[in-house]
Structures are given as C-alpha cells and as structure tokens.
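**Student:** my_file-v6.csv is reproduced below (CSV, C-alpha atoms).
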chain,number,residue,atom,x,y,z
T,1,MET,CA,0.0,0.0,0.0
T,2,ALA,CA,2.8,2.4,0.8
T,3,GLY,CA,4.3,1.6,-2.6
T,4,SER,CA,1.0,2.4,-4.2
T,5,ARG,CA,0.8,5.8,-2.4
T,6,SER,CA,4.3,6.6,-3.4
T,7,GLN,CA,3.5,5.8,-7.1
T,8,SER,CA,0.4,7.9,-6.9
T,9,SER,CA,2.4,10.9,-5.5
T,10,GLY,CA,5.0,10.4,-8.2
T,11,LEU,CA,2.3,10.6,-10.9
T,12,ARG,CA,0.9,13.7,-9.5
T,13,ALA,CA,4.3,15.3,-9.4
T,14,LEU,CA,4.6,14.6,-13.2
T,15,ARG,CA,1.2,16.2,-13.9
T,16,PRO,CA,1.7,19.5,-15.8
T,17,GLU,CA,0.6,22.5,-13.8
T,18,ALA,CA,-1.5,23.6,-16.7
T,19,PHE,CA,-3.8,20.6,-16.2
T,20,GLY,CA,-5.2,22.5,-13.2
T,21,ALA,CA,-7.1,20.7,-10.5
T,22,ASP,CA,-10.2,18.6,-10.4
T,23,PRO,CA,-13.1,19.8,-8.3
T,24,SER,CA,-13.4,18.3,-4.8
T,25,GLY,CA,-15.0,18.7,-1.4
T,26,GLU,CA,-17.8,21.3,-1.2
T,27,ARG,CA,-17.2,22.4,-4.8
T,28,MET,CA,-17.9,18.9,-6.0
T,29,ALA,CA,-20.9,18.6,-3.7
T,30,ARG,CA,-22.3,21.7,-5.3
T,31,ILE,CA,-21.7,20.3,-8.8
T,32,ARG,CA,-23.6,17.2,-7.9
T,33,ARG,CA,-26.5,19.3,-6.7
T,34,SER,CA,-26.7,21.2,-10.1
T,35,PRO,CA,-29.8,20.5,-12.1
T,36,HIS,CA,-27.5,20.4,-15.2
T,37,PHE,CA,-25.3,17.6,-13.7
T,38,ARG,CA,-26.6,14.0,-14.3
T,39,ASP,CA,-25.1,10.6,-14.6
T,40,GLY,CA,-21.8,11.9,-13.4
T,41,VAL,CA,-21.3,14.6,-16.0
T,42,PHE,CA,-22.7,18.0,-17.0
T,43,GLN,CA,-25.4,17.8,-19.7
T,44,ASN,CA,-25.8,20.0,-22.8
T,45,PRO,CA,-29.0,21.8,-23.6
T,46,GLY,CA,-30.9,20.0,-26.4
T,47,GLY,CA,-29.4,16.6,-25.6
T,48,THR,CA,-26.1,15.0,-26.0
T,49,ALA,CA,-23.5,16.9,-28.1
T,50,ARG,CA,-20.9,14.9,-30.0
T,51,ILE,CA,-17.6,16.1,-28.5
T,52,ARG,CA,-15.3,13.6,-30.5
T,53,PRO,CA,-14.7,14.1,-34.2
T,54,SER,CA,-17.4,12.3,-36.2
T,55,GLY,CA,-16.5,10.4,-39.4
T,56,SER,CA,-13.2,8.8,-40.2
T,57,THR,CA,-10.0,9.7,-38.3
T,58,ARG,CA,-8.2,8.9,-41.5
T,59,ASP,CA,-10.3,11.6,-43.4
T,60,LEU,CA,-9.6,14.1,-40.7
T,61,ALA,CA,-5.9,13.4,-40.7
T,62,LYS,CA,-5.8,13.6,-44.5
T,63,ILE,CA,-7.2,17.1,-44.4
T,64,TYR,CA,-4.9,18.3,-41.6
T,65,PHE,CA,-1.8,17.0,-43.2
T,66,ASP,CA,-2.6,17.8,-46.8
T,67,LYS,CA,0.0,20.3,-48.0
T,68,ASP,CA,-2.4,22.7,-49.8
T,69,SER,CA,-4.9,22.6,-47.0
T,70,ARG,CA,-2.2,23.3,-44.4
T,71,SER,CA,-1.0,26.4,-46.4
T,72,ARG,CA,-4.5,27.8,-46.4
T,73,ARG,CA,-4.9,27.6,-42.6
T,74,ALA,CA,-2.3,30.3,-42.0
T,75,PRO,CA,-1.9,33.9,-43.2
T,76,LYS,CA,0.5,34.7,-46.0
T,77,GLY,CA,2.1,37.5,-44.2
T,78,THR,CA,2.1,39.5,-41.0
T,79,ILE,CA,-1.3,40.1,-39.4
T,80,PRO,CA,-1.8,43.8,-39.0
T,81,VAL,CA,-2.2,44.2,-35.2
T,82,HIS,CA,-3.3,47.6,-34.0
T,83,PRO,CA,-0.6,49.0,-31.7
T,84,THR,CA,-2.9,49.3,-28.7
T,85,THR,CA,-1.7,51.8,-26.1
T,86,LEU,CA,-2.9,52.8,-22.7
T,87,ALA,CA,-4.1,56.1,-24.2
T,88,ASP,CA,-6.4,54.1,-26.5
T,89,ILE,CA,-8.2,52.5,-23.5
T,90,SER,CA,-7.6,55.0,-20.7
T,91,ARG,CA,-10.1,57.6,-21.9
T,92,PRO,CA,-13.7,56.6,-21.0
T,93,PRO,CA,-15.7,55.7,-24.1
T,94,ALA,CA,-17.9,58.5,-25.2
T,95,SER,CA,-21.0,56.2,-25.5
T,96,GLY,CA,-20.3,54.3,-22.3
T,97,LEU,CA,-19.5,51.1,-24.2
T,98,ARG,CA,-16.2,50.1,-26.0
T,99,LEU,CA,-14.9,46.8,-27.1
T,100,THR,CA,-11.3,45.8,-27.9
T,101,TRP,CA,-10.8,42.4,-29.5
T,102,MET,CA,-7.4,41.2,-28.5
T,103,GLY,CA,-7.6,38.1,-30.8
T,104,HIS,CA,-9.3,34.8,-30.6
T,105,SER,CA,-12.0,35.0,-27.9
T,106,SER,CA,-10.2,37.6,-25.7
T,107,VAL,CA,-12.1,40.9,-25.5
T,108,LEU,CA,-11.8,43.9,-23.2
T,109,ALA,CA,-15.3,45.3,-22.7
T,110,GLU,CA,-15.6,48.8,-21.1
T,111,ILE,CA,-19.2,49.1,-20.1
T,112,ASP,CA,-20.8,51.8,-18.0
T,113,GLY,CA,-17.7,52.7,-16.1
T,114,HIS,CA,-16.5,49.1,-15.6
T,115,ARG,CA,-13.8,47.0,-17.3
T,116,VAL,CA,-14.6,43.3,-18.1
T,117,LEU,CA,-12.0,41.0,-19.7
T,118,PHE,CA,-13.4,38.0,-21.4
T,119,ASP,CA,-11.3,34.7,-21.9
T,120,PRO,CA,-7.9,36.4,-21.7
T,121,VAL,CA,-5.2,34.4,-23.5
T,122,TRP,CA,-1.8,36.1,-23.7
T,123,GLY,CA,0.2,32.9,-23.8
T,124,GLU,CA,2.2,31.8,-27.0
T,125,ARG,CA,0.4,28.5,-27.3
T,126,CYS,CA,-3.0,27.1,-26.3
T,127,SER,CA,-1.5,23.9,-24.9
T,128,PRO,CA,-0.4,22.5,-21.5
T,129,PHE,CA,3.2,22.5,-22.9
T,130,PRO,CA,5.3,25.5,-23.9
T,131,PHE,CA,7.0,23.6,-26.7
T,132,ALA,CA,4.0,22.0,-28.5
T,133,GLY,CA,0.5,22.8,-29.5
T,134,PRO,CA,-1.2,25.6,-31.6
T,135,LYS,CA,1.0,28.7,-31.6
T,136,ARG,CA,-0.2,32.3,-32.0
T,137,LEU,CA,-0.5,33.6,-35.5
T,138,HIS,CA,-0.1,37.2,-34.2
T,139,PRO,CA,1.3,38.7,-31.0
T,140,ALA,CA,-0.9,40.0,-28.3
T,141,PRO,CA,-1.7,43.7,-29.1
T,142,LEU,CA,-0.2,44.9,-25.9
T,143,PRO,CA,1.4,43.4,-22.8
T,144,LEU,CA,-1.0,42.2,-20.2
T,145,ALA,CA,0.6,44.5,-17.6
T,146,ALA,CA,-0.2,47.5,-19.9
T,147,LEU,CA,-3.9,46.7,-19.9
T,148,GLY,CA,-4.5,48.6,-16.7
T,149,PRO,CA,-6.9,47.6,-13.9
T,150,VAL,CA,-9.7,45.2,-14.7
T,151,ASP,CA,-12.8,44.9,-12.5
T,152,VAL,CA,-13.6,41.3,-13.4
T,153,VAL,CA,-12.2,38.5,-15.6
T,154,VAL,CA,-14.9,36.3,-17.2
T,155,ILE,CA,-14.0,32.8,-18.2
T,156,SER,CA,-16.3,30.8,-20.5
T,157,HIS,CA,-14.8,27.3,-20.0
T,158,ASP,CA,-11.6,25.6,-19.2
T,159,HIS,CA,-10.1,24.7,-22.6
T,160,TYR,CA,-6.6,25.9,-23.3
T,161,ASP,CA,-7.6,28.6,-25.8
T,162,HIS,CA,-9.9,30.2,-23.3
T,163,LEU,CA,-8.3,29.5,-19.9
T,164,ASP,CA,-4.5,30.2,-20.1
T,165,LEU,CA,-2.2,29.4,-17.3
T,166,PRO,CA,0.4,32.1,-17.7
T,167,THR,CA,-2.3,34.8,-18.1
T,168,ILE,CA,-4.2,33.7,-15.0
T,169,LYS,CA,-1.1,33.5,-12.9
T,170,ALA,CA,-0.2,37.0,-14.0
T,171,LEU,CA,-3.7,38.2,-13.1
T,172,ALA,CA,-3.6,36.3,-9.8
T,173,GLY,CA,-1.2,39.0,-8.6
T,174,THR,CA,-3.8,41.7,-9.0
T,175,ASP,CA,-7.0,42.4,-7.1
T,176,THR,CA,-9.4,41.6,-10.0
T,177,LEU,CA,-12.4,39.3,-9.5
T,178,PHE,CA,-13.0,36.2,-11.6
T,179,ALA,CA,-16.4,35.1,-12.8
T,180,VAL,CA,-16.3,31.5,-13.9
T,181,PRO,CA,-18.6,28.5,-14.6
T,182,LEU,CA,-19.2,26.0,-11.8
T,183,GLY,CA,-16.1,23.8,-11.2
T,184,VAL,CA,-13.6,26.0,-13.0
T,185,GLY,CA,-12.6,27.7,-9.8
T,186,ALA,CA,-10.6,24.6,-8.8
T,187,HIS,CA,-8.1,25.4,-11.6
T,188,LEU,CA,-7.8,29.0,-10.6
T,189,GLU,CA,-7.3,28.3,-6.9
T,190,SER,CA,-4.5,25.8,-7.8
T,191,TRP,CA,-2.8,28.7,-9.7
T,192,GLY,CA,-2.9,31.2,-6.9
T,193,VAL,CA,-6.3,32.9,-7.1
T,194,SER,CA,-7.8,33.3,-3.6
T,195,PRO,CA,-11.3,31.8,-3.1
T,196,GLY,CA,-12.6,35.2,-2.0
T,197,ARG,CA,-12.0,36.6,-5.5
T,198,LEU,CA,-14.0,33.9,-7.3
T,199,ARG,CA,-17.6,34.1,-8.4
T,200,GLU,CA,-18.4,30.6,-9.5
T,201,LEU,CA,-21.8,30.2,-11.2
T,202,ASP,CA,-24.1,27.6,-12.5
T,203,TRP,CA,-26.3,28.4,-15.6
T,204,HIS,CA,-28.9,31.1,-14.8
T,205,GLU,CA,-27.0,32.2,-11.7
T,206,ALA,CA,-25.9,35.9,-11.5
T,207,THR,CA,-23.4,37.9,-9.6
T,208,LYS,CA,-22.9,41.7,-9.0
T,209,VAL,CA,-19.6,43.4,-9.7
T,210,GLY,CA,-20.0,47.1,-9.0
T,211,GLY,CA,-22.9,48.3,-11.2
T,212,LEU,CA,-22.8,45.3,-13.4
T,213,THR,CA,-24.8,42.1,-13.3
T,214,LEU,CA,-23.1,39.1,-14.8
T,215,THR,CA,-25.2,36.0,-15.6
T,216,ALA,CA,-23.9,32.6,-16.6
T,217,THR,CA,-26.1,31.4,-19.5
T,218,PRO,CA,-26.2,28.0,-21.3
T,219,ALA,CA,-23.9,27.0,-24.1
T,220,ARG,CA,-23.6,23.8,-26.1
T,221,HIS,CA,-20.0,22.6,-25.7
T,222,PHE,CA,-17.8,20.5,-23.3
T,223,CYS,CA,-14.9,20.9,-21.0
T,224,GLY,CA,-11.6,19.3,-19.9
T,225,ARG,CA,-7.8,20.0,-19.7
T,226,GLY,CA,-6.1,16.7,-18.6
T,227,LEU,CA,-5.6,13.3,-20.1
T,228,ARG,CA,-8.6,12.1,-18.2
T,229,ASN,CA,-11.6,14.3,-19.0
T,230,THR,CA,-14.0,14.0,-16.0
T,231,GLN,CA,-16.6,16.5,-17.5
T,232,HIS,CA,-16.8,18.0,-13.9
T,233,THR,CA,-16.4,21.6,-15.0
T,234,LEU,CA,-19.2,23.6,-16.6
T,235,TRP,CA,-19.1,25.7,-19.8
T,236,ALA,CA,-21.1,28.9,-20.2
T,237,SER,CA,-21.9,31.9,-22.3
T,238,TRP,CA,-22.3,35.2,-20.4
T,239,ALA,CA,-24.7,38.1,-20.4
T,240,VAL,CA,-23.4,41.3,-18.8
T,241,ALA,CA,-25.8,44.2,-18.0
T,242,GLY,CA,-24.8,47.6,-16.9
T,243,GLU,CA,-26.8,50.7,-16.1
T,244,ASN,CA,-27.2,51.6,-19.7
T,245,HIS,CA,-25.8,48.8,-21.9
T,246,ARG,CA,-26.0,45.0,-22.3
T,247,ILE,CA,-23.5,42.7,-24.0
T,248,TYR,CA,-23.2,39.0,-24.6
T,249,HIS,CA,-20.2,36.7,-25.0
T,250,SER,CA,-20.9,33.2,-26.4
T,251,GLY,CA,-17.8,31.4,-25.3
T,252,ASP,CA,-17.6,28.2,-27.4
T,253,THR,CA,-21.0,26.7,-28.5
T,254,GLY,CA,-22.9,24.9,-31.1
T,255,TYR,CA,-26.1,26.5,-32.3
T,256,PHE,CA,-29.2,25.6,-30.2
T,257,ASP,CA,-32.6,27.0,-29.6
T,258,GLY,CA,-31.7,28.4,-26.2
T,259,PHE,CA,-30.3,31.6,-27.7
T,260,LYS,CA,-33.9,32.8,-28.0
T,261,ASP,CA,-34.5,32.3,-24.3
T,262,ILE,CA,-31.2,34.0,-23.4
T,263,GLY,CA,-32.2,37.0,-25.5
T,264,ALA,CA,-35.7,37.1,-24.0
T,265,ASP,CA,-34.3,37.0,-20.5
T,266,HIS,CA,-31.3,39.2,-20.8
T,267,GLY,CA,-31.4,41.1,-24.1
T,268,PRO,CA,-31.6,42.9,-26.3
T,269,PHE,CA,-27.8,43.5,-26.5
T,270,ASP,CA,-25.9,46.5,-27.7
T,271,ALA,CA,-23.2,44.1,-28.9
T,272,THR,CA,-22.7,40.3,-29.0
T,273,MET,CA,-19.3,38.5,-29.2
T,274,ILE,CA,-20.1,35.3,-31.1
T,275,GLN,CA,-17.8,32.3,-31.8
T,276,VAL,CA,-17.6,31.8,-35.5
T,277,GLY,CA,-14.3,30.0,-36.1
T,278,ALA,CA,-12.8,26.5,-35.6
T,279,TYR,CA,-16.0,24.9,-37.0
T,280,SER,CA,-16.0,21.7,-38.9
T,281,ASP,CA,-18.3,19.0,-40.3
T,282,PHE,CA,-16.3,16.7,-38.0
T,283,TRP,CA,-17.7,18.4,-34.8
T,284,PRO,CA,-20.9,20.3,-35.8
T,285,ASP,CA,-22.5,20.2,-32.4
T,286,ILE,CA,-20.0,22.2,-30.4
T,287,HIS,CA,-18.8,25.1,-32.7
T,288,MET,CA,-20.9,27.4,-34.9
T,289,THR,CA,-20.3,28.4,-38.5
T,290,PRO,CA,-20.5,32.1,-39.3
T,291,GLU,CA,-24.0,31.5,-40.8
T,292,GLU,CA,-25.1,29.9,-37.5
T,293,GLY,CA,-23.4,32.8,-35.6
T,294,VAL,CA,-25.6,35.3,-37.4
T,295,ARG,CA,-28.6,33.2,-36.6
T,296,ALA,CA,-27.6,33.1,-32.9
T,297,HIS,CA,-27.2,36.9,-32.9
T,298,LEU,CA,-30.6,37.4,-34.4
T,299,ASP,CA,-32.1,34.9,-31.9
T,300,LEU,CA,-30.5,36.9,-29.1
T,301,GLN,CA,-32.1,40.1,-30.5
T,302,SER,CA,-35.6,38.6,-30.8
T,303,GLY,CA,-35.2,38.2,-34.5
T,304,GLU,CA,-34.2,41.7,-35.2
T,305,ALA,CA,-30.9,42.7,-37.0
T,306,THR,CA,-30.0,45.2,-34.2
T,307,GLY,CA,-26.9,45.8,-32.2
T,308,VAL,CA,-23.4,44.9,-33.4
T,309,LEU,CA,-22.0,41.4,-33.9
T,310,LEU,CA,-18.3,41.0,-33.1
T,311,PRO,CA,-17.0,37.7,-34.6
T,312,ILE,CA,-14.6,36.0,-32.2
T,313,HIS,CA,-12.6,32.7,-32.0
T,314,TRP,CA,-10.9,33.1,-35.3
T,315,GLY,CA,-7.7,34.5,-36.8
T,316,THR,CA,-5.3,33.9,-33.9
T,317,PHE,CA,-4.8,30.1,-33.6
T,318,ASN,CA,-5.0,27.4,-36.2
T,319,LEU,CA,-7.6,25.0,-34.7
T,320,ALA,CA,-9.7,23.6,-37.5
T,321,PRO,CA,-9.4,22.4,-41.2
T,322,HIS,CA,-11.0,25.5,-42.7
T,323,ALA,CA,-9.0,28.2,-44.4
T,324,TRP,CA,-7.7,30.9,-42.1
T,325,ALA,CA,-9.7,33.7,-43.7
T,326,GLU,CA,-12.9,31.7,-44.3
T,327,PRO,CA,-14.7,32.9,-41.1
T,328,GLY,CA,-14.2,36.5,-42.0
T,329,GLU,CA,-15.4,36.0,-45.6
T,330,TRP,CA,-18.3,33.8,-44.6
T,331,MET,CA,-19.4,36.2,-41.9
T,332,THR,CA,-19.2,39.2,-44.3
T,333,ASP,CA,-21.6,37.4,-46.6
T,334,ALA,CA,-23.9,36.0,-43.9
T,335,ALA,CA,-24.2,39.4,-42.0
T,336,ALA,CA,-24.9,41.2,-45.3
T,337,ALA,CA,-27.6,38.7,-46.2
T,338,ALA,CA,-29.3,39.3,-42.8
T,339,GLY,CA,-28.8,43.1,-42.9
T,340,GLN,CA,-26.8,42.8,-39.7
T,341,THR,CA,-23.8,45.0,-38.8
T,342,ALA,CA,-20.7,42.9,-38.1
T,343,ALA,CA,-17.5,44.5,-36.7
T,344,PHE,CA,-14.1,43.5,-38.1
T,345,PRO,CA,-11.5,45.4,-36.0
T,346,HIS,CA,-7.9,44.6,-36.3
T,347,PRO,CA,-6.7,42.7,-33.2
T,348,GLY,CA,-6.2,45.4,-30.6
T,349,GLU,CA,-8.4,48.1,-32.3
T,350,PRO,CA,-10.9,49.6,-29.9
T,351,PHE,CA,-14.3,50.6,-31.2
T,352,GLU,CA,-17.7,51.8,-29.8
T,353,PRO,CA,-20.6,49.7,-31.1
T,354,THR,CA,-22.9,52.7,-31.1
T,355,GLY,CA,-20.3,54.8,-33.0
T,356,GLU,CA,-18.1,54.1,-36.1
T,357,VAL,CA,-17.9,50.3,-36.5
T,358,PRO,CA,-14.8,48.9,-38.3
T,359,THR,CA,-15.9,46.8,-41.3
T,360,THR,CA,-12.8,46.7,-43.6
T,361,PRO,CA,-11.8,43.1,-44.5
T,362,TRP,CA,-8.2,43.6,-43.3
T,363,TRP,CA,-7.4,39.9,-43.8
T,364,ARG,CA,-7.7,39.9,-47.6
T,365,PRO,CA,-4.1,40.9,-48.6
T,366,LEU,CA,-2.9,38.0,-46.4
T,367,THR,CA,-4.9,35.1,-47.6
T,368,SER,CA,-4.9,32.3,-50.2
T,369,PRO,CA,-7.9,32.0,-52.5
T,370,VAL,CA,-11.0,31.0,-50.4
T,371,THR,CA,-13.6,28.6,-51.8
T,372,HIS,CA,-17.0,30.0,-51.2
T,373,HIS,CA,-19.2,26.9,-50.4
T,374,TRP,CA,-22.0,29.0,-48.9
T,375,THR,CA,-24.8,31.0,-50.3
T,376,ARG,CA,-23.7,34.6,-51.2
T,377,THR,CA,-26.4,37.3,-51.1
T,378,ALA,CA,-26.4,41.0,-51.2
T,379,LYS,CA,-29.0,41.8,-48.6
T,380,ARG,CA,-31.6,40.2,-46.3
T,381,GLY,CA,-34.3,38.4,-48.1
T,382,ASP,CA,-32.3,38.1,-51.3
T,383,ALA,CA,-31.2,34.5,-50.7
T,384,THR,CA,-30.2,33.3,-54.2
T,385,PRO,CA,-28.0,30.1,-54.2
T,386,ALA,CA,-24.6,30.7,-55.7
T,387,PRO,CA,-22.4,28.0,-57.3
T,388,GLU,CA,-19.3,27.1,-55.4
T,389,GLU,CA,-16.6,29.5,-56.5
T,390,THR,CA,-13.0,30.3,-55.6
T,391,LEU,CA,-12.3,34.0,-54.9
T,392,ASP,CA,-8.8,35.4,-55.1
T,393,LEU,CA,-9.1,37.7,-52.1
T,394,ALA,CA,-5.7,39.3,-52.6
T,395,GLY,CA,-7.0,40.7,-55.9
T,396,ASP,CA,-10.6,41.3,-54.8
T,397,ARG,CA,-10.8,44.7,-53.1
Show the structure stored in the file as structure tokens.

**Tutor:**
Amino acid sequence: MAGSRSQSSGLRALRPEAFGADPSGERMARIRRSPHFRDGVFQNPGGTARIRPSGSTRDLAKIYFDKDSRSRRAPKGTIPVHPTTLADISRPPASGLRLTWMGHSSVLAEIDGHRVLFDPVWGERCSPFPFAGPKRLHPAPLPLAALGPVDVVVISHDHYDHLDLPTIKALAGTDTLFAVPLGVGAHLESWGVSPGRLRELDWHEATKVGGLTLTATPARHFCGRGLRNTQHTLWASWAVAGENHRIYHSGDTGYFDGFKDIGADHGPFDATMIQVGAYSDFWPDIHMTPEEGVRAHLDLQSGEATGVLLPIHWGTFNLAPHAWAEPGEWMTDAAAAAGQTAAFPHPGEPFEPTGEVPTTPWWRPLTSPVTHHWTRTAKRGDATPAPEETLDLAGDR
C-alpha cells in the first residue's frame, strides 16, 4: 500500500501544472446538486452533443496534413495588429461602451464605467506545454501588464484557448475578481487565485460586480484539460448588464434554440461577441459556423438585426481544417444577407458599437484563395443560391 501511495504521488508530481485541478469537497458537492449535472457529467441543452470528431479519423488526418490545406490555414504575411496603447483605453468611451478584440475570444469590454476582460489568452500556445500545440499567428496587441486595472475577468470554460495558465497566474497577482462557470474555480485556486476573488456560477445564476450584473447562461460545448476528462467543470456563455448597456459573450458553443431564451431573459444586447471560427463538419454540435453565428445573434435580439455582432474565436490560432480567412469572408456574406452589422476590427483596435464600427476586410491581402461553399447574397431576403466559387481575395478589393 505504501508503494501504491508513493507511485500515486509520483504521478501527481509529473502532472503538468497547466492541467489545473479537479473539483473536490464542497465544490464537488455543489456540482452534484446542479440541475444540469446528471449521470456523473454536465449535460448539454438540447441533448447529447458529440464532442469527439465524427467520421473517419483517416479523413480528418488527410485534411490536416494535406500540403495545400495546411497552407490555407495560416496567413501569407504578418497580421496587422493595432498597436494598442494605454491612451487608447484610458479615456472613457464617449458612448459608455467600447470593445477591444485582443484576438481569438479575448475581449476587453468597457461598459458603463467598468472593465470586463473575457477569456484572456496572452500565452504563446494554447497547450499544456510551452514547446508544443497551436501557436499564436499574431502577437498580443499589448502586454497584459499594460492593460491597466480590470474589474472582473470572465471565463467561458476551461479549454486551453480560453483559460490560459500564464495569463491567469499574472492576473492572480492583481485584485481583480473572476467570474467562472461551476467547477472552473478549482483550476484558478490551484494557480494562486484566492477563493474570495472567485464568483463561481451555474447556468442562470448571477453575480454583481459594482454596477454590473453578470449572468452565466447556457452553451452547447464540453470541458476538460487533462488526459482524463471528467466532465466535472461547466461551460457557459455570459450576459453582462450595466446601467445603460448590455453585452453577450458566447464562449464556445454549437447552435441551439436556447439563444432565443437568453435574448428574451437578458437582451436585447448592444453588442454580441459570437464564436464563428474553428468549426468543422467533424464536430458540428460544439462550434458554430458564421451563418449559425448570425442566426444566434438574431435569436438573441428577438429576430431583429440590431446591435453589433463581433465575430470571435478566429484569426489567432489554427484549430480547424477550414481556411484561415474563411470565417471573415463567410461572416461578411452572412451578415450582409441578414442586414446585420458585423464588426471587423484589427486585433487590438478599440471601437464603440454605437459609433463608427470597423468593417474593412483587413485579412484579404494575407490570404490564399478561399472557396465559397456557402450562399452569397447582397441583402436580407435576397437569398439566391450561388455556385461554389473560388475567390482570389488578394486581388478582390
């Protein structure tokens, strides 16, 4: 028995710190009491979601390792990152609401006098190891230390491209609060965040931070960081309401009917930050395409093309078989078809959703030809099928 204990301790010592910690004690007891936890795991809205790639592993590998496909999944040159400065984000937004997309799903939201940082990832790789895994395609727009004070950090779930060990450890040394889904607090505590700074929520639970109300809302995804995925940490989208503005961050999610309920309960929103990258036919239940992202935004807005949609979860890491620029191109067409304003800031470029919204397709000079396999329309209600075509974006201004 002593030998067994020694072996177990040795295995724990070899466990990468980035794996975090499994929930236990009262946290695990609270998880078991959740109405969304059944048969030992958290359940998705709308039934079971496939979290493993469907279809042939051989087909998936063929796409990933194909030379031409691989070249399309990265930019052809340097991504034009906006040189964000403290001056950019130190002046209060004139409208009371400003968003700064830092790349992938990381967004600084300045809302009604408060600063909210969603899914901050400043690390070089979204991986438990510093020497392997998807590497950034562009640098962070500014050093984390130059961001200034943040009132609350909001985490959508515990995957590496949303919950980043070096970023959290740096923020652990500040006095910011953390709003996280149920169970995720175990990771943060193991990395030095004190329990008193955690607001750990189940779906439909809310917490107050100053004049903001943050509500964890459902999403259709999954969780896990280690080799043994226990499914004991929840995933969530987030609705944030201030005195004058409301915003929504989708985290990672497949499309589901629950967006309508979220919009009815917490909307309409001045801006939504919607996951539209890293989709694939191999995992259709857990990530949205740009077309589904527009549909989700409209659901959140009670069917109206109002507010501003900020596409997130694309452009920074190579995480799926689709072409690097495809989410931007597809979102451009899908939003135009719906008559919906979509924002396309450079990484690090602040903008106010009620002011001038950046819409220039900045990615076009950097991309290989993109095959348009979706319907291309000019405006809402003019849905005419288009044949599959390849567009040379570098020459299509």

**Student:** Go through T:Met273, T:Leu163, T:Ala21, T:Ala219 and flag the residue nearest T:Leu108, using all atoms listed in the file for the distances.

**Tutor:**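 Using all atoms listed in the file, T:Leu108 sits closest to T:Met273.
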
**Student:** Which is closest to T:Ala145 among T:Leu86, T:Ile262, T:Leu182, T:Ala109, if we use all atoms listed in the file?

**Tutor:**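 Between T:Leu86, T:Ile262, T:Leu182, T:Ala109, the residue approaching T:Ala145 most closely is T:Leu86.
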
**Student:** Would you list the residues near (-21.5, 42.0, -16.1), meaning any protein, DNA or RNA residue with an atom at most 8 Å from that point in file coordinates, counting all atoms listed in the file, as number ranges by chain?

**Tutor:** T: 116, 207-209, 212-215, 239-242

**Student:** Which value, in Å to one decimal, gives the distance between atom CA of T:Val153 and atom CA of T:Leu198?

**Tutor:** 9.7 Å

**Student:** What is the distance between atom CA of T:Phe222 and atom CA of T:Thr272, in Å to one decimal?

**Tutor:** 21.2 Å

**Student:** Please, what distance in Å, to one decimal, runs between atom CA of T:Gly307 and atom CA of T:Ala94?

**Tutor:**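 Between atom CA of T:Gly307 and atom CA of T:Ala94 the gap is 17.1 Å.
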
**Student:** Each residue of stretch 154-254 of chain T with at least one atom at most 10 Å from stretch 291-304 of chain T should appear once, together with its nearest atom pair and the corresponding distance in Å (one decimal); atoms considered: all atoms listed in the file; ordering: chain, then increasing residue number; output as JSON lines.

**Tutor:**
{"residue": "T:Tyr248", "atom": "CA", "partner": "T:Leu300", "partner_atom": "CA", "distance": 8.8}
{"residue": "T:Ser250", "atom": "CA", "partner": "T:Ala296", "partner_atom": "CA", "distance": 9.3}
{"residue": "T:Thr253", "atom": "CA", "partner": "T:Gly293", "partner_atom": "CA", "distance": 9.7}
{"residue": "T:Gly254", "atom": "CA", "partner": "T:Glu292", "partner_atom": "CA", "distance": 8.4}

**Student:** Tell me which protein, DNA and RNA residues are within 12 Å of T:Leu319, counting all atoms listed in the file, leaving out same-chain ones fewer than 2 positions away, and put them as a PyMOL selection string.

**Tutor:** chain T and resi 64+70+73-74+104+125-127+133-137+160-161+277-280+287+313-317+321-324

**Student:** Write out as number ranges by chain each polymer residue whose atoms come within 12 Å of T:Leu309, counting all atoms listed in the file; drop sequence neighbours fewer than 6 positions from it.

**Tutor:** T: 99, 247-250, 269-276, 290, 293-298, 300-301, 331-332, 334-336, 338-345, 352-354, 357-359

**Student:** Dig up all the protein and nucleic acid residues within 8 Å of (-9.3, 40.8, -26.4) in the file frame, using all atoms listed in the file, and format them as a PyMOL selection string.

**Tutor:** chain T and resi 100-108+117-120+347-348

**Student:** Please determine, counting all atoms listed in the file, which residue among T:Pro130, T:Gly258, T:Pro350, T:Gly251 has the shortest atom-to-atom distance to T:Glu17.

**Tutor:** T:Pro130

**Student:** From the options T:Asp285, T:Ala179, T:Trp362, T:Pro327, which residue's atoms come nearest to T:Gly47, counting only C-alpha atoms?

**Tutor:**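 Ranking T:Asp285, T:Ala179, T:Trp362, T:Pro327 by distance to T:Gly47, first place goes to T:Asp285.
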
**Student:** Could you tell me which of T:Thr306, T:Thr84, T:Thr360, T:Asn244 comes closest to T:Gly328 if we count all atoms listed in the file?

**Tutor:**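 For T:Gly328, the nearest of the candidates is T:Thr360.
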
**Student:** With only C-alpha atoms as the counted atoms, please give the residues lying no more than 9 Å from T:Asp202, apart from itself and same-chain residues fewer than 5 positions off, as a count of residues only.

**Tutor:** 11

**Student:** Taking only C-alpha atoms into account, name the residue in T:Thr167, T:Ser190, T:Ser368, T:Ser24 that is nearest to T:Val121.

**Tutor:**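 Closest to T:Val121 of all the choices is T:Thr167.
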
**Student:** Taking 3 positions as the minimum chain separation for residues in the same chain, which residues sit within 9 Å of T:Pro166 when counting all atoms listed in the file? Answer as a list of chain:residue names.

**Tutor:** T:Ala18, T:Val121, T:Trp122, T:Gly123, T:Lys169, T:Ala170, T:Leu171

**Student:** Leaving out T:His232 and any residue of its chain fewer than 5 positions from it, which residues lie within 9 Å of it when counting all atoms listed in the file, given as an MDAnalysis selection string?

**Tutor:** chainID T and resid 22:23 28 31 37 40:42 182:184 223:224

**Student:** Output stretch 108-116 of chain T as a short mmCIF file (atom, residue, chain, number, x, y, z; two decimals), in the frame of the given file, making sure N, CA and C atoms are there.

**Tutor:**
data_model
loop_
_atom_site.label_atom_id
_atom_site.label_comp_id
_atom_site.auth_asym_id
_atom_site.auth_seq_id
_atom_site.Cartn_x
_atom_site.Cartn_y
_atom_site.Cartn_z
N LEU T 108 -11.63 42.92 -24.29
CA LEU T 108 -11.80 43.90 -23.20
C LEU T 108 -13.05 44.67 -23.47
N ALA T 109 -14.02 44.58 -22.57
CA ALA T 109 -15.30 45.30 -22.70
C ALA T 109 -15.29 46.41 -21.62
N GLU T 110 -15.39 47.65 -22.04
CA GLU T 110 -15.60 48.80 -21.10
C GLU T 110 -17.02 49.18 -21.18
N ILE T 111 -17.73 48.94 -20.09
CA ILE T 111 -19.20 49.10 -20.10
C ILE T 111 -19.65 49.84 -18.87
N ASP T 112 -20.22 51.00 -19.10
CA ASP T 112 -20.80 51.80 -18.00
C ASP T 112 -19.90 52.00 -16.85
N GLY T 113 -18.63 52.34 -17.15
CA GLY T 113 -17.70 52.70 -16.10
C GLY T 113 -16.95 51.47 -15.51
N HIS T 114 -17.14 50.28 -16.07
CA HIS T 114 -16.50 49.10 -15.60
C HIS T 114 -15.69 48.42 -16.70
N ARG T 115 -14.68 47.65 -16.32
CA ARG T 115 -13.80 47.00 -17.30
C ARG T 115 -13.93 45.47 -17.09
N VAL T 116 -14.37 44.77 -18.14
CA VAL T 116 -14.60 43.30 -18.10
C VAL T 116 -13.65 42.70 -19.15
#
